[in-house]
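J.: Got a structure here, written out as C-alpha coordinates. Questions coming.
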Amino acid sequence: AEPWLSVSRPFEVGRSLVELSSTATPENERLHPAISQLFPMPNLYAHQDDALQSLSANRNVLVSTGTGSGKTEAFLLPIIDHCLKLRDEGAPEGLAALLIYPMNALASDQLDRLRELLAGTGIPYGMYVGLTPQDDASVSNVIQLNEGEGADHLAEKRLENAERHDLSVVPFEERLSRDAMALRPPRILLTNVNQLELLLTRGKDHAIFRDAPLRYLVMDEAHTYTGARGAEVAALLRRLKAVTAPPEDGRLFRGTAAT
(Lines give C-alpha, C1' and ligand atoms only; values in the text may rest on other atoms or scores of the structure.)
Protein backbone atom coordinates (compact mmCIF):
# COMPACT_ATOMS: atom_id res chain seq x y z
CA ALA A 1 0.00 0.00 0.00
CA GLU A 2 1.08 3.56 -0.66
CA PRO A 3 2.27 5.49 2.44
CA TRP A 4 -0.15 8.14 3.72
CA LEU A 5 1.34 11.50 4.56
CA SER A 6 -0.66 14.09 6.51
CA VAL A 7 0.69 17.60 7.04
CA SER A 8 -0.73 19.90 9.71
CA ARG A 9 -1.17 23.41 8.41
CA PRO A 10 -0.26 26.33 10.69
CA PHE A 11 -3.13 28.06 12.46
CA GLU A 12 -4.21 31.41 11.13
CA VAL A 13 -2.74 34.30 13.11
CA GLY A 14 -4.87 36.93 14.86
CA ARG A 15 -4.05 40.24 16.51
CA SER A 16 -1.12 40.84 18.86
CA LEU A 17 -1.53 41.04 22.62
CA VAL A 18 0.32 44.36 22.63
CA GLU A 19 -2.25 45.77 20.21
CA LEU A 20 -5.16 44.40 22.23
CA SER A 21 -3.67 45.82 25.44
CA SER A 22 -3.08 49.30 24.02
CA THR A 23 -6.21 50.02 21.98
CA ALA A 24 -9.94 49.52 22.29
CA THR A 25 -12.19 48.76 19.32
CA PRO A 26 -15.98 48.60 18.90
CA GLU A 27 -15.67 44.81 19.19
CA ASN A 28 -13.26 44.69 22.14
CA GLU A 29 -12.52 46.76 25.19
CA ARG A 30 -8.83 47.21 25.88
CA LEU A 31 -7.15 44.28 27.61
CA HIS A 32 -5.34 44.88 30.88
CA PRO A 33 -1.73 46.03 30.19
CA ALA A 34 -0.32 43.13 32.24
CA ILE A 35 -1.82 40.55 29.89
CA SER A 36 0.93 40.92 27.28
CA GLN A 37 3.54 40.22 30.00
CA LEU A 38 1.74 37.25 31.54
CA PHE A 39 1.14 35.42 28.25
CA PRO A 40 4.46 34.96 26.40
CA MET A 41 3.02 34.89 22.88
CA PRO A 42 3.28 37.82 20.44
CA ASN A 43 0.03 37.07 18.61
CA LEU A 44 -3.18 35.21 19.22
CA TYR A 45 -4.32 32.54 16.83
CA ALA A 46 -7.33 33.63 14.79
CA HIS A 47 -9.66 31.26 16.66
CA GLN A 48 -8.45 32.66 20.01
CA ASP A 49 -9.05 36.19 18.72
CA ASP A 50 -12.54 35.22 17.51
CA ALA A 51 -13.34 33.69 20.90
CA LEU A 52 -12.17 36.84 22.68
CA GLN A 53 -14.35 39.03 20.47
CA SER A 54 -17.39 36.80 21.06
CA LEU A 55 -16.93 36.88 24.82
CA SER A 56 -16.48 40.66 24.71
CA ALA A 57 -19.84 40.82 22.92
CA ASN A 58 -21.42 38.73 25.73
CA ARG A 59 -21.84 35.64 23.58
CA ASN A 60 -21.29 32.11 24.88
CA VAL A 61 -18.47 30.27 23.12
CA LEU A 62 -17.56 26.70 22.20
CA VAL A 63 -14.02 26.23 20.88
CA SER A 64 -13.51 22.97 18.99
CA THR A 65 -10.01 22.70 17.58
CA GLY A 66 -7.06 20.34 17.59
CA THR A 67 -4.65 19.45 20.37
CA GLY A 68 -1.98 22.08 20.98
CA SER A 69 -4.02 24.85 19.35
CA GLY A 70 -4.31 27.05 22.44
CA LYS A 71 -7.80 26.21 23.73
CA THR A 72 -6.61 26.84 27.28
CA GLU A 73 -5.32 30.33 26.46
CA ALA A 74 -8.58 31.06 24.66
CA PHE A 75 -10.44 30.99 27.97
CA LEU A 76 -7.68 31.85 30.45
CA LEU A 77 -6.83 35.13 28.74
CA PRO A 78 -10.27 36.79 29.13
CA ILE A 79 -10.68 35.31 32.63
CA ILE A 80 -7.36 36.67 33.92
CA ASP A 81 -8.01 39.99 32.16
CA HIS A 82 -11.34 40.24 34.02
CA CYS A 83 -9.73 39.33 37.36
CA LEU A 84 -6.93 41.89 36.91
CA LYS A 85 -9.50 44.61 36.31
CA LEU A 86 -11.46 43.53 39.40
CA ARG A 87 -8.24 43.73 41.40
CA ASP A 88 -7.48 47.24 40.15
CA GLU A 89 -11.03 48.38 40.90
CA GLY A 90 -10.74 47.09 44.47
CA ALA A 91 -13.83 44.93 43.90
CA PRO A 92 -15.08 42.81 46.81
CA GLU A 93 -13.83 39.23 47.06
CA GLY A 94 -15.82 36.52 45.32
CA LEU A 95 -15.72 33.74 42.78
CA ALA A 96 -15.48 35.16 39.24
CA ALA A 97 -14.54 32.09 37.19
CA LEU A 98 -15.28 28.39 37.63
CA LEU A 99 -13.26 25.88 35.59
CA ILE A 100 -14.80 22.39 35.48
CA TYR A 101 -12.79 19.36 34.31
CA PRO A 102 -13.87 15.76 33.67
CA MET A 103 -10.75 14.38 35.43
CA ASN A 104 -8.54 15.51 38.30
CA ALA A 105 -5.44 14.99 36.16
CA LEU A 106 -6.58 17.70 33.76
CA ALA A 107 -7.40 20.03 36.66
CA SER A 108 -3.95 19.43 38.17
CA ASP A 109 -2.25 20.29 34.88
CA GLN A 110 -4.21 23.52 34.75
CA LEU A 111 -3.37 24.28 38.38
CA ASP A 112 0.34 24.30 37.63
CA ARG A 113 -0.29 26.59 34.67
CA LEU A 114 -2.12 29.04 36.93
CA ARG A 115 0.74 28.95 39.42
CA GLU A 116 3.12 30.22 36.76
CA LEU A 117 0.68 32.80 35.39
CA LEU A 118 -0.71 34.25 38.63
CA ALA A 119 2.35 34.40 40.89
CA GLY A 120 2.60 37.97 42.18
CA THR A 121 -0.62 39.17 40.51
CA GLY A 122 -2.76 39.30 43.64
CA ILE A 123 -5.43 37.12 41.99
CA PRO A 124 -6.41 34.30 44.38
CA TYR A 125 -7.16 30.88 42.94
CA GLY A 126 -7.54 27.31 44.16
CA MET A 127 -8.36 23.72 43.24
CA TYR A 128 -11.11 21.96 45.20
CA VAL A 129 -11.15 18.21 44.56
CA GLY A 130 -11.34 15.11 46.73
CA LEU A 131 -7.63 15.29 47.62
CA THR A 132 -7.68 18.96 48.69
CA PRO A 133 -6.63 19.20 52.39
CA GLN A 134 -9.30 20.23 54.89
CA ASP A 135 -7.24 22.99 56.55
CA ASP A 136 -3.89 24.71 56.17
CA ALA A 137 -2.43 22.65 59.02
CA SER A 138 -2.99 19.53 56.92
CA VAL A 139 -1.05 20.91 53.94
CA SER A 140 2.29 19.14 53.55
CA ASN A 141 5.27 19.18 51.19
CA VAL A 142 4.45 22.70 50.02
CA ILE A 143 6.54 25.89 50.03
CA GLN A 144 4.38 28.99 49.62
CA LEU A 145 5.88 32.25 48.42
CA ASN A 146 5.45 35.50 50.30
CA GLU A 147 2.96 38.15 49.21
CA GLY A 148 4.24 40.12 46.23
CA GLU A 149 6.74 37.49 45.08
CA GLY A 150 6.20 36.74 41.39
CA ALA A 151 7.09 34.32 38.62
CA ASP A 152 10.85 34.95 38.96
CA HIS A 153 10.76 33.99 42.64
CA LEU A 154 8.66 30.93 41.78
CA ALA A 155 11.19 29.72 39.19
CA GLU A 156 14.10 30.44 41.54
CA LYS A 157 12.55 28.55 44.44
CA ARG A 158 11.67 25.62 42.23
CA LEU A 159 15.25 25.45 40.98
CA GLU A 160 16.57 25.48 44.55
CA ASN A 161 14.34 22.51 45.40
CA ALA A 162 14.62 20.64 42.09
CA GLU A 163 15.79 17.46 43.82
CA ARG A 164 12.73 17.41 46.08
CA HIS A 165 10.28 15.65 43.75
CA ASP A 166 7.69 15.40 46.54
CA LEU A 167 7.70 19.17 47.09
CA SER A 168 5.51 21.81 45.44
CA VAL A 169 6.41 25.50 45.31
CA VAL A 170 3.28 27.64 45.01
CA PRO A 171 2.50 31.38 44.88
CA PHE A 172 1.08 33.37 47.76
CA GLU A 173 -2.14 33.68 45.73
CA GLU A 174 -3.03 29.98 45.98
CA ARG A 175 -5.72 28.89 48.46
CA LEU A 176 -4.34 25.56 49.66
CA SER A 177 -7.16 24.09 51.73
CA ARG A 178 -10.93 23.66 51.78
CA ASP A 179 -11.27 25.85 54.84
CA ALA A 180 -9.23 28.64 53.22
CA MET A 181 -11.47 28.61 50.15
CA ALA A 182 -14.65 28.53 52.21
CA LEU A 183 -13.46 31.46 54.35
CA ARG A 184 -12.13 33.55 51.44
CA PRO A 185 -13.40 32.26 48.09
CA PRO A 186 -10.81 32.51 45.30
CA ARG A 187 -11.41 34.48 42.13
CA ILE A 188 -10.73 31.35 40.04
CA LEU A 189 -11.74 27.87 41.18
CA LEU A 190 -10.85 24.56 39.54
CA THR A 191 -12.94 21.47 40.28
CA ASN A 192 -14.68 18.49 38.71
CA VAL A 193 -18.35 17.70 38.21
CA ASN A 194 -18.65 15.23 41.10
CA GLN A 195 -16.98 17.61 43.54
CA LEU A 196 -19.13 20.51 42.37
CA GLU A 197 -22.22 18.43 43.15
CA LEU A 198 -20.99 18.08 46.74
CA LEU A 199 -19.98 21.72 47.05
CA LEU A 200 -23.43 22.92 46.04
CA THR A 201 -25.21 20.65 48.53
CA ARG A 202 -22.97 20.92 51.62
CA GLY A 203 -23.77 23.87 53.82
CA LYS A 204 -20.16 24.42 54.89
CA ASP A 205 -19.10 25.01 51.27
CA HIS A 206 -22.17 26.89 50.05
CA ALA A 207 -20.66 30.29 50.83
CA ILE A 208 -18.18 29.86 47.97
CA PHE A 209 -21.06 30.14 45.49
CA ARG A 210 -23.82 31.99 47.30
CA ASP A 211 -24.33 35.31 45.47
CA ALA A 212 -20.85 34.96 43.93
CA PRO A 213 -20.14 37.39 41.04
CA LEU A 214 -19.60 34.46 38.67
CA ARG A 215 -18.77 35.85 35.23
CA TYR A 216 -17.16 32.84 33.50
CA LEU A 217 -18.12 29.17 33.61
CA VAL A 218 -15.77 26.91 31.64
CA MET A 219 -16.48 23.29 30.71
CA ASP A 220 -13.22 21.78 29.51
CA GLU A 221 -13.52 18.72 27.24
CA ALA A 222 -17.20 19.53 26.85
CA HIS A 223 -17.76 16.62 24.44
CA THR A 224 -17.42 14.18 27.36
CA TYR A 225 -20.77 15.25 28.85
CA THR A 226 -23.24 13.19 26.82
CA GLY A 227 -26.26 11.00 27.47
CA ALA A 228 -27.46 10.61 31.06
CA ARG A 229 -24.27 12.23 32.40
CA GLY A 230 -24.86 15.22 30.17
CA ALA A 231 -28.41 15.59 31.51
CA GLU A 232 -27.14 15.42 35.10
CA VAL A 233 -24.48 18.05 34.40
CA ALA A 234 -27.08 20.31 32.77
CA ALA A 235 -29.22 20.11 35.93
CA LEU A 236 -26.15 20.81 38.07
CA LEU A 237 -25.34 23.93 36.06
CA ARG A 238 -28.91 25.18 36.45
CA ARG A 239 -28.52 24.81 40.21
CA LEU A 240 -25.24 26.72 40.06
CA LYS A 241 -26.89 29.54 38.10
CA ALA A 242 -29.66 29.76 40.69
CA VAL A 243 -27.16 30.11 43.57
CA THR A 244 -24.70 32.61 42.08
CA ALA A 245 -25.31 36.25 41.21
CA PRO A 246 -23.76 37.24 37.87
CA PRO A 247 -22.34 40.75 37.44
CA GLU A 248 -24.26 43.42 35.54
CA ASP A 249 -22.73 42.38 32.21
CA GLY A 250 -23.98 38.83 32.71
CA ARG A 251 -22.56 35.33 32.91
CA LEU A 252 -20.71 33.63 30.07
CA PHE A 253 -20.42 29.92 29.34
CA ARG A 254 -17.32 28.57 27.67
CA GLY A 255 -16.74 25.07 26.34
CA THR A 256 -13.65 23.48 24.79
CA ALA A 257 -13.22 20.23 22.86
CA ALA A 258 -10.45 18.67 20.79
CA THR A 259 -12.94 16.61 18.81
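Here, A, B, ... name the chains of the C-alpha coordinates in the order displayed, residue numbers run from 1 inside each chain, and ligands are numbered from 1 in the same displayed order.
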Go through range 144-199 of chain A residue by residue and, counting only C-alpha atoms, keep those with an atom at most 12 Å from range 38-59 of chain A; for each kept residue give the shortest atom pair and its distance in Å to one decimal, ordered by chain and increasing number, as a Markdown table.

T.:
| residue | atom | partner | partner_atom | distance |
| --- | --- | --- | --- | --- |
| A:Gly150 | CA | A:Leu38 | CA | 10.8 |
| A:Ala151 | CA | A:Leu38 | CA | 9.3 |
| A:Asp152 | CA | A:Leu38 | CA | 12.0 |

J.: Given only C-alpha atoms, how would the per-residue table for range 122-229 of chain A near range 82-97 of chain A read, listing every residue at most 12 Å away with its closest atom pair and distance in Å to one decimal, sorted by chain and number, as JSON lines?

T.:
{"residue": "A:Gly122", "atom": "CA", "partner": "A:Arg87", "partner_atom": "CA", "distance": 7.4}
{"residue": "A:Ile123", "atom": "CA", "partner": "A:Cys83", "partner_atom": "CA", "distance": 6.7}
{"residue": "A:Pro124", "atom": "CA", "partner": "A:Cys83", "partner_atom": "CA", "distance": 9.3}
{"residue": "A:Tyr125", "atom": "CA", "partner": "A:Leu95", "partner_atom": "CA", "distance": 9.0}
{"residue": "A:Gly126", "atom": "CA", "partner": "A:Leu95", "partner_atom": "CA", "distance": 10.5}
{"residue": "A:Met181", "atom": "CA", "partner": "A:Leu95", "partner_atom": "CA", "distance": 9.9}
{"residue": "A:Ala182", "atom": "CA", "partner": "A:Gly94", "partner_atom": "CA", "distance": 10.6}
{"residue": "A:Leu183", "atom": "CA", "partner": "A:Gly94", "partner_atom": "CA", "distance": 10.6}
{"residue": "A:Arg184", "atom": "CA", "partner": "A:Glu93", "partner_atom": "CA", "distance": 7.4}
{"residue": "A:Pro185", "atom": "CA", "partner": "A:Gly94", "partner_atom": "CA", "distance": 5.6}
{"residue": "A:Pro186", "atom": "CA", "partner": "A:Leu95", "partner_atom": "CA", "distance": 5.7}
{"residue": "A:Arg187", "atom": "CA", "partner": "A:Leu95", "partner_atom": "CA", "distance": 4.4}
{"residue": "A:Ile188", "atom": "CA", "partner": "A:Ala97", "partner_atom": "CA", "distance": 4.8}
{"residue": "A:Leu189", "atom": "CA", "partner": "A:Ala97", "partner_atom": "CA", "distance": 6.4}
{"residue": "A:Leu190", "atom": "CA", "partner": "A:Ala97", "partner_atom": "CA", "distance": 8.7}
{"residue": "A:Thr191", "atom": "CA", "partner": "A:Ala97", "partner_atom": "CA", "distance": 11.2}
{"residue": "A:His206", "atom": "CA", "partner": "A:Leu95", "partner_atom": "CA", "distance": 11.9}
{"residue": "A:Ala207", "atom": "CA", "partner": "A:Gly94", "partner_atom": "CA", "distance": 9.6}
{"residue": "A:Ile208", "atom": "CA", "partner": "A:Leu95", "partner_atom": "CA", "distance": 6.9}
{"residue": "A:Phe209", "atom": "CA", "partner": "A:Leu95", "partner_atom": "CA", "distance": 7.0}
{"residue": "A:Arg210", "atom": "CA", "partner": "A:Gly94", "partner_atom": "CA", "distance": 9.4}
{"residue": "A:Asp211", "atom": "CA", "partner": "A:Gly94", "partner_atom": "CA", "distance": 8.6}
{"residue": "A:Ala212", "atom": "CA", "partner": "A:Leu95", "partner_atom": "CA", "distance": 5.4}
{"residue": "A:Pro213", "atom": "CA", "partner": "A:Ala96", "partner_atom": "CA", "distance": 5.5}
{"residue": "A:Leu214", "atom": "CA", "partner": "A:Ala96", "partner_atom": "CA", "distance": 4.2}
{"residue": "A:Arg215", "atom": "CA", "partner": "A:Ala96", "partner_atom": "CA", "distance": 5.2}
{"residue": "A:Tyr216", "atom": "CA", "partner": "A:Ala97", "partner_atom": "CA", "distance": 4.6}
{"residue": "A:Leu217", "atom": "CA", "partner": "A:Ala97", "partner_atom": "CA", "distance": 5.9}
{"residue": "A:Val218", "atom": "CA", "partner": "A:Ala97", "partner_atom": "CA", "distance": 7.7}
{"residue": "A:Met219", "atom": "CA", "partner": "A:Ala97", "partner_atom": "CA", "distance": 11.1}

J.: Nearest to His223 in chain A among A:Asn104, A:Thr244, A:Ser64, A:Ser22, with distances taken over only C-alpha atoms: which residue is it?

T.: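 That would be A:Ser64, the residue with the smallest distance to His223 in chain A.
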
J.: Got a sec: who's within 8 Å of Ser177 in chain A, counting only C-alpha atoms, leaving out chain neighbours fewer than 2 positions off, as a list in words?

T.: Tyr128, Thr132, Pro133, Gln134, Asp135, Asp136, Val139, Arg175, Asp179, Ala180 and Met181 of chain A

J.: Tell me, in Å to one decimal, how far CA of Ala242 in chain A is from CA of Gly230 in chain A.

T.: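 Interatomic distance, CA of Ala242 in chain A to CA of Gly230 in chain A: 18.6 Å.
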
J.: Take CA of Glu173 in chain A and CA of Leu145 in chain A and report the distance between them in Å, one decimal.

T.: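 Separating CA of Glu173 in chain A from CA of Leu145 in chain A is a distance of 8.6 Å.
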
J.: Between A:Val243, A:Leu31, A:Ala235, A:Ile143, which is the closest to Glu19 in chain A once you count only C-alpha atoms?

T.: A:Leu31

J.: Just the alpha helix (DSSP H) stuff from range 80-239 of chain A, please, per backbone DSSP, written as a VMD selection string.

T.: chain A and resid 80 to 89 104 to 118 151 to 160 178 to 183 193 to 199 227 to 239

J.: Which value, in Å to one decimal, gives the distance between CA of Lys241 in chain A and CA of Lys71 in chain A?

T.: 24.1 Å

J.: Using only C-alpha atoms, can you tell me which of A:Leu154, A:Pro78, A:Leu176, A:Leu240 comes closest to Ala137 in chain A?

T.: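 Distance minimum relative to Ala137 in chain A lands on A:Leu176.
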
J.: Please run DSSP on the backbone and report, as a PyMOL selection string, all residues within range 48-220 of chain A that come out as strand (DSSP E or B).

T.: chain A and resi 61-64+97-101+125-127+142-144+168-170+174-175+188-192+216-219

J.: Using N, CA, C and O atoms, can you export the residues from the last selection as a tab-separated table (two decimals), in the first residue's frame?

T.:
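After the write, out-v5.tsv holds the following:
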chain	number	residue	atom	x	y	z
A	61	VAL	N	-19.43	30.74	24.11
A	61	VAL	CA	-18.47	30.27	23.12
A	61	VAL	C	-18.16	28.80	23.31
A	61	VAL	O	-17.97	28.33	24.44
A	62	LEU	N	-18.09	28.07	22.21
A	62	LEU	CA	-17.56	26.70	22.20
A	62	LEU	C	-16.39	26.67	21.23
A	62	LEU	O	-16.55	26.99	20.05
A	63	VAL	N	-15.21	26.32	21.72
A	63	VAL	CA	-14.02	26.23	20.88
A	63	VAL	C	-13.72	24.76	20.63
A	63	VAL	O	-13.43	24.00	21.55
A	64	SER	N	-13.82	24.34	19.37
A	64	SER	CA	-13.51	22.97	18.99
A	64	SER	C	-12.37	23.01	17.98
A	64	SER	O	-12.55	23.41	16.83
A	97	ALA	N	-14.68	33.06	38.27
A	97	ALA	CA	-14.54	32.09	37.19
A	97	ALA	C	-14.46	30.69	37.78
A	97	ALA	O	-13.70	30.43	38.71
A	98	LEU	N	-15.26	29.79	37.20
A	98	LEU	CA	-15.28	28.39	37.63
A	98	LEU	C	-14.86	27.52	36.45
A	98	LEU	O	-15.49	27.57	35.39
A	99	LEU	N	-13.79	26.74	36.64
A	99	LEU	CA	-13.26	25.88	35.59
A	99	LEU	C	-13.55	24.43	35.97
A	99	LEU	O	-13.05	23.94	37.00
A	100	ILE	N	-14.35	23.74	35.16
A	100	ILE	CA	-14.80	22.39	35.48
A	100	ILE	C	-14.13	21.40	34.52
A	100	ILE	O	-14.19	21.55	33.30
A	101	TYR	N	-13.52	20.36	35.09
A	101	TYR	CA	-12.79	19.36	34.31
A	101	TYR	C	-13.40	17.98	34.52
A	101	TYR	O	-13.92	17.67	35.61
A	125	TYR	N	-6.60	32.01	43.67
A	125	TYR	CA	-7.16	30.88	42.94
A	125	TYR	C	-7.00	29.62	43.80
A	125	TYR	O	-6.27	29.61	44.80
A	126	GLY	N	-7.67	28.55	43.41
A	126	GLY	CA	-7.54	27.31	44.16
A	126	GLY	C	-8.15	26.15	43.40
A	126	GLY	O	-8.94	26.35	42.47
A	127	MET	N	-7.78	24.93	43.80
A	127	MET	CA	-8.36	23.72	43.24
A	127	MET	C	-9.04	22.95	44.36
A	127	MET	O	-8.41	22.61	45.36
A	142	VAL	N	4.73	21.51	50.81
A	142	VAL	CA	4.45	22.70	50.02
A	142	VAL	C	5.26	23.87	50.57
A	142	VAL	O	5.30	24.09	51.79
A	143	ILE	N	5.92	24.60	49.68
A	143	ILE	CA	6.54	25.89	50.03
A	143	ILE	C	5.71	26.97	49.37
A	143	ILE	O	5.53	26.96	48.15
A	144	GLN	N	5.19	27.91	50.17
A	144	GLN	CA	4.38	28.99	49.62
A	144	GLN	C	5.17	30.29	49.64
A	144	GLN	O	5.77	30.65	50.66
A	168	SER	N	6.10	20.85	46.37
A	168	SER	CA	5.51	21.81	45.44
A	168	SER	C	5.80	23.22	45.93
A	168	SER	O	5.66	23.51	47.12
A	169	VAL	N	6.21	24.08	45.01
A	169	VAL	CA	6.41	25.50	45.31
A	169	VAL	C	5.25	26.25	44.68
A	169	VAL	O	5.01	26.14	43.47
A	170	VAL	N	4.51	27.01	45.49
A	170	VAL	CA	3.28	27.64	45.01
A	170	VAL	C	3.29	29.13	45.35
A	170	VAL	O	3.94	29.56	46.31
A	174	GLU	N	-2.30	31.25	45.99
A	174	GLU	CA	-3.03	29.98	45.98
A	174	GLU	C	-3.70	29.69	47.32
A	174	GLU	O	-3.06	29.74	48.37
A	175	ARG	N	-5.00	29.39	47.28
A	175	ARG	CA	-5.72	28.89	48.46
A	175	ARG	C	-5.47	27.38	48.52
A	175	ARG	O	-5.84	26.65	47.61
A	188	ILE	N	-10.67	32.43	41.02
A	188	ILE	CA	-10.73	31.35	40.04
A	188	ILE	C	-10.70	30.03	40.80
A	188	ILE	O	-9.81	29.80	41.62
A	189	LEU	N	-11.66	29.17	40.50
A	189	LEU	CA	-11.74	27.87	41.18
A	189	LEU	C	-11.75	26.76	40.15
A	189	LEU	O	-12.51	26.79	39.18
A	190	LEU	N	-10.90	25.75	40.37
A	190	LEU	CA	-10.85	24.56	39.54
A	190	LEU	C	-11.48	23.40	40.30
A	190	LEU	O	-11.19	23.21	41.49
A	191	THR	N	-12.32	22.62	39.63
A	191	THR	CA	-12.94	21.47	40.28
A	191	THR	C	-13.40	20.49	39.21
A	191	THR	O	-13.13	20.68	38.02
A	192	ASN	N	-14.08	19.43	39.64
A	192	ASN	CA	-14.68	18.49	38.71
A	192	ASN	C	-16.19	18.40	38.98
A	192	ASN	O	-16.68	18.94	39.98
A	216	TYR	N	-17.56	33.86	34.48
A	216	TYR	CA	-17.16	32.84	33.50
A	216	TYR	C	-17.35	31.44	34.06
A	216	TYR	O	-16.91	31.14	35.18
A	217	LEU	N	-17.98	30.59	33.27
A	217	LEU	CA	-18.12	29.17	33.61
A	217	LEU	C	-17.56	28.37	32.44
A	217	LEU	O	-18.07	28.45	31.32
A	218	VAL	N	-16.49	27.63	32.70
A	218	VAL	CA	-15.77	26.91	31.64
A	218	VAL	C	-15.97	25.41	31.81
A	218	VAL	O	-15.73	24.86	32.90
A	219	MET	N	-16.39	24.75	30.74
A	219	MET	CA	-16.48	23.29	30.71
A	219	MET	C	-15.39	22.79	29.78
A	219	MET	O	-15.52	22.88	28.56
